[in-house]
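Note sheet for the following structure.
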Amino acid sequence: MPSARFRTRRRYRRTAALAAVVTMATALAACSGDSGPEATDHPVVVASTDVWASVAQAVAGENADVSALFDTPGGDPHEFEPTTSDTAEVLDANVIVMNGGHYDAYMESAANEAEGKKVVALSGHEGHDHDHDHEAGGTGHGDSEGHSHAEEHAFYDFAVVADTADDIAGALAEVAPVHADAYRANAKRFRADVDNLRGRLATLRDAHPDTRVAATEPLATGLLNAAGIKDVAPAGFSAAIEEGQSPSAADRAAFEDLLRGRQVSALIYNVQAVDPATEAILGVADANRVPIVNFTETLPKGVDDYVAWQSSQIAQLGRALGRG
């Protein structure tokens, strides 16, 4: 009996090998005995990360088998290397869900030869306006090229997430039309839940106008923008952490000055992008009693619901701003 929860498989590797993924996908496609996923009333959905799997599961309900390639709490999705069996799952999937913007490049590569329907969160959101209102404006269908690192974390932009849920519902409805109404109803409920999250961010914006924070990495840019919160961390520091490099001494000093002078209301700390520089910043924030908000880019251990995850993080942010 397929579970309503997406299946989890704990795998985490530190050596990226995208060229190998492309070769692997081509070889698997060439030797496959069929022409792709078969028509079914119970589709198989494969997502790049557990975050996107949780969105897909909210839409699919009991009427699909949803899994994630990367689902390691505390791991770094940028460093994930899929196995041969991972790639085979992507090739056999009826629906493939990914972030795009090269955030999950391993999935983009693995899906090159796949015949399943592809849902890319950033597709159609080039130059996305973080105040985008789904009811007031439609979404285009461009590609996901050209996104800055600050924009690549589409799962922190609630408007994009809600639109992606609609796209997943549409893809599933094409694959399994018998459940089309259920998929669309689930997506509608999910959008309502996400709209509630957006309302809470608007409340934060009204309660804490002109708030400044400093983030170790541009992870939650969409969420902060929606809450009217400005990230004033040195751009060079954030960019270096995003690229897996060491920030310059000048950028580290500038960041520390913000914290020692309590020029920000909180430190936004990505617990999945940690190195000696971020740990030092964390220590300075703690020593100077700057509230610390720990954000993640995949689901924490024991959490498999997107809305619950983000609701908890918004609550944490609100508590920090109340103390800052």
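Identifiers in the structure tokens: chain A, B, ... in order shown; residue index from 1 per chain; ligand index from 1 in order shown.
The protein and nucleic acid residues lying at most 7 Å from region 49-65 of chain A are Pro2, Ala4, Arg5, Phe6, His42, Pro43, Val44, Val45, Ala68, Leu69, Phe70, Asp71, Val97, Met98, Ala165, Ile168, Ala169, Tyr183, Asn186, Ala187, Phe190, Thr298, Leu299, Asp304, Asp305 and Tyr306 of chain A, with only C-alpha atoms considered and sequence neighbours fewer than 3 positions away removed.
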| query | Leaving out Pro234 (chain A) and any residue of its chain fewer than 2 positions from it, which residues lie within 7 Å of it when counting only C-alpha atoms, given as a list in words? | reply | Val232, Gly236, Phe237, Ser238, Asp251, Ala254 and Phe255 of chain A
Go ahead and write the selection's residues with C-alpha atoms as a PDB file, in the first residue's frame.
ATOM      1  CA  VAL A 232      22.438  44.143   5.300  1.00  0.00           C
ATOM      2  CA  GLY A 236      31.019  39.669  -0.335  1.00  0.00           C
ATOM      3  CA  PHE A 237      30.617  37.533   2.780  1.00  0.00           C
ATOM      4  CA  SER A 238      27.297  36.054   1.652  1.00  0.00           C
ATOM      5  CA  ASP A 251      33.986  41.282   4.890  1.00  0.00           C
ATOM      6  CA  ALA A 254      32.323  44.361   8.533  1.00  0.00           C
ATOM      7  CA  PHE A 255      29.918  41.576   9.473  1.00  0.00           C
TER       8      PHE A 255
END
| request: For region 197-214 of chain A, list every protein, DNA or RNA residue within 10 Å, evaluated using only C-alpha atoms, and leave out those in the same chain fewer than 3 positions away; present the list as an NGL selection string. | output: :A and (131 or 157-159 or 191-194 or 217-218 or 223-234 or 238 or 255 or 258-259 or 262-269 or 290-292 or 307-308 or 310-311 or 314-315 or 317-318 or 321-322 or 324)
| said: As an exercise, work out the distance from CA of Glu108 (chain A) to CA of Val120 (chain A) in Å and give it to one decimal place. | reply: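 A separation of 9.2 Å between them.
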| task | Run DSSP on the backbone and grab whatever in region 189-269 of chain A lands in helix (DSSP H, G or I); send it over as a VMD selection string. | result | chain A and resid 189 to 207 221 to 226 235 to 242 249 to 260
| said: Show me, as a list in words, the residues that have an atom within 12 Å of Ala240 (chain A) when counting only C-alpha atoms, minus same-chain residues fewer than 5 positions from it. | reply: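 Returned residues: His149, Thr216, Glu217, Pro218, Ala233, Pro234, Ala235, Gln245, Ser246, Pro247, Ser248, Ala249, Asp251, Arg252, Ala273, Val274, Asp275, Ala277 and Thr278 of chain A.
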Mind dumping the selected residues with N, CA and C atoms as an mmCIF file, in the first residue's frame?
data_model
loop_
_atom_site.group_PDB
_atom_site.id
_atom_site.type_symbol
_atom_site.label_atom_id
_atom_site.label_comp_id
_atom_site.auth_asym_id
_atom_site.auth_seq_id
_atom_site.Cartn_x
_atom_site.Cartn_y
_atom_site.Cartn_z
ATOM 1 N N HIS A 149 22.145 34.033 -7.077
ATOM 2 C CA HIS A 149 22.113 33.097 -5.966
ATOM 3 C C HIS A 149 21.008 33.466 -4.989
ATOM 4 N N THR A 216 23.979 34.904 6.984
ATOM 5 C CA THR A 216 25.273 34.339 6.602
ATOM 6 C C THR A 216 25.293 33.892 5.150
ATOM 7 N N GLU A 217 24.123 33.621 4.596
ATOM 8 C CA GLU A 217 24.023 33.187 3.203
ATOM 9 C C GLU A 217 22.669 33.639 2.672
ATOM 10 N N PRO A 218 22.554 33.988 1.398
ATOM 11 C CA PRO A 218 21.260 34.462 0.866
ATOM 12 C C PRO A 218 20.279 33.319 0.642
ATOM 13 N N ALA A 233 23.848 42.168 5.475
ATOM 14 C CA ALA A 233 25.137 41.489 5.586
ATOM 15 C C ALA A 233 26.035 41.893 4.422
ATOM 16 N N PRO A 234 27.349 41.975 4.639
ATOM 17 C CA PRO A 234 28.255 42.303 3.531
ATOM 18 C C PRO A 234 28.057 41.339 2.361
ATOM 19 N N ALA A 235 27.811 41.897 1.190
ATOM 20 C CA ALA A 235 27.519 41.056 0.017
ATOM 21 C C ALA A 235 28.652 40.091 -0.278
ATOM 22 N N GLN A 245 33.416 29.335 -0.472
ATOM 23 C CA GLN A 245 34.738 29.935 -0.332
ATOM 24 C C GLN A 245 34.852 30.662 1.007
ATOM 25 N N SER A 246 36.069 31.061 1.358
ATOM 26 C CA SER A 246 36.288 31.795 2.605
ATOM 27 C C SER A 246 36.083 33.288 2.364
ATOM 28 N N PRO A 247 35.265 33.938 3.171
ATOM 29 C CA PRO A 247 35.080 35.394 3.024
ATOM 30 C C PRO A 247 36.381 36.132 3.309
ATOM 31 N N SER A 248 36.513 37.310 2.740
ATOM 32 C CA SER A 248 37.700 38.115 2.977
ATOM 33 C C SER A 248 37.716 38.617 4.419
ATOM 34 N N ALA A 249 38.904 38.989 4.878
ATOM 35 C CA ALA A 249 39.033 39.527 6.229
ATOM 36 C C ALA A 249 38.207 40.798 6.388
ATOM 37 N N ASP A 251 35.403 41.608 4.799
ATOM 38 C CA ASP A 251 33.986 41.282 4.890
ATOM 39 C C ASP A 251 33.646 40.672 6.244
ATOM 40 N N ARG A 252 34.536 39.852 6.762
ATOM 41 C CA ARG A 252 34.303 39.284 8.086
ATOM 42 C C ARG A 252 34.267 40.389 9.150
ATOM 43 N N ALA A 273 24.994 25.539 5.743
ATOM 44 C CA ALA A 273 26.123 26.149 5.030
ATOM 45 C C ALA A 273 27.056 26.722 6.086
ATOM 46 N N VAL A 274 27.749 25.815 6.749
ATOM 47 C CA VAL A 274 28.560 26.178 7.908
ATOM 48 C C VAL A 274 30.037 25.956 7.616
ATOM 49 N N ASP A 275 30.853 26.923 7.988
ATOM 50 C CA ASP A 275 32.302 26.789 7.915
ATOM 51 C C ASP A 275 32.900 27.632 9.046
ATOM 52 N N ALA A 277 34.178 30.514 9.142
ATOM 53 C CA ALA A 277 33.774 31.917 9.092
ATOM 54 C C ALA A 277 32.363 32.111 9.646
ATOM 55 N N THR A 278 31.428 31.245 9.267
ATOM 56 C CA THR A 278 30.057 31.379 9.777
ATOM 57 C C THR A 278 30.002 31.040 11.260
#
